[in-house]
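Following: one structure in structure tokens, then a few remarks.
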Amino acid sequence: MELEAAKILGMALVVGFGVIGPGIGIGMIVSKALEAIGRNPDATGKIQATMFIGIAFTEALAIFALVIGFILKYT
């Protein structure tokens, strides 16, 4: 296998596996936030703010995986 092909394959694997966890995590965060809003509609503002902060932190993990993938490909 050529070096360039190995780099592309490595990038694809790192990014692919790196976004699975955050994807599941964001789904769970939104699911639980909707459950909480359904049980207590008066707390919607606080729940949504906390949900968006959690989504941002979870999405940061996917961005880190993307950065690592680019480092593997272009070094």
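Note on naming: chains are A, B, ... as they come in the structure tokens, residues start from 1 per chain, ligands start from 1 in the order shown.
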
Practice problem: May I have the residues within 12 Å of Ser31 of chain A as a PyMOL selection string, using only C-alpha atoms and disregarding those fewer than 6 positions away in the same chain? | Solution: chain A and resi 24-25+37-38+47-48+51+55

Take the residues from that selection and put them in a file with C-alpha atoms, as a compact mmCIF listing (two decimals), in the first residue's frame.
```txt
# COMPACT_ATOMS: atom_id res chain seq x y z
CA ILE A 24 -24.58 9.30 19.89
CA GLY A 25 -23.88 11.76 22.71
CA ILE A 37 -39.05 19.84 28.92
CA GLY A 38 -42.03 17.52 28.51
CA ILE A 47 -32.91 23.24 30.06
CA GLN A 48 -32.28 24.58 26.56
CA MET A 51 -28.51 21.49 26.41
CA ILE A 55 -23.96 19.97 22.58
```

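Nearest residue to Leu66 of chain A among A:Ala36, A:Val30, A:Thr50, A:Gly18 is A:Gly18, counting only C-alpha atoms.
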
Practice problem: Using only C-alpha atoms, find the one residue out of A:Phe52, A:Leu9, A:Ile20, A:Val15 that sits nearest to Ala33 of chain A. | Solution: A:Phe52

Quiz item: With only C-alpha atoms as the atoms that count, which of A:Pro22, A:Gly45, A:Gly10, A:Gly27 lies nearest to Phe64 of chain A?
Solution: A:Pro22

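Pairwise distance (atom CA of Ala56 of chain A, atom CA of Gly16 of chain A) equals 19.0 Å.
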
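Candidate residues A:Met11, A:Leu61, A:Ala49, A:Ala5 were compared for distance to Ile26 of chain A, and the nearest is A:Leu61, using only C-alpha atoms.
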
Quiz item: Which residue gives the smallest distance to Val67 of chain A among A:Lys32, A:Val14, A:Ala6, A:Gly21, with only C-alpha atoms counted?
Solution: A:Val14

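When only C-alpha atoms are used to measure the gap to Phe17 of chain A, the shortest distance among A:Ile29, A:Asn40, A:Thr58, A:Ala65 belongs to A:Ala65.
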
Quiz item: Do you have the atom CA of Leu3 of chain A-atom CA of Leu72 of chain A distance handy?
Solution: 11.2 Å
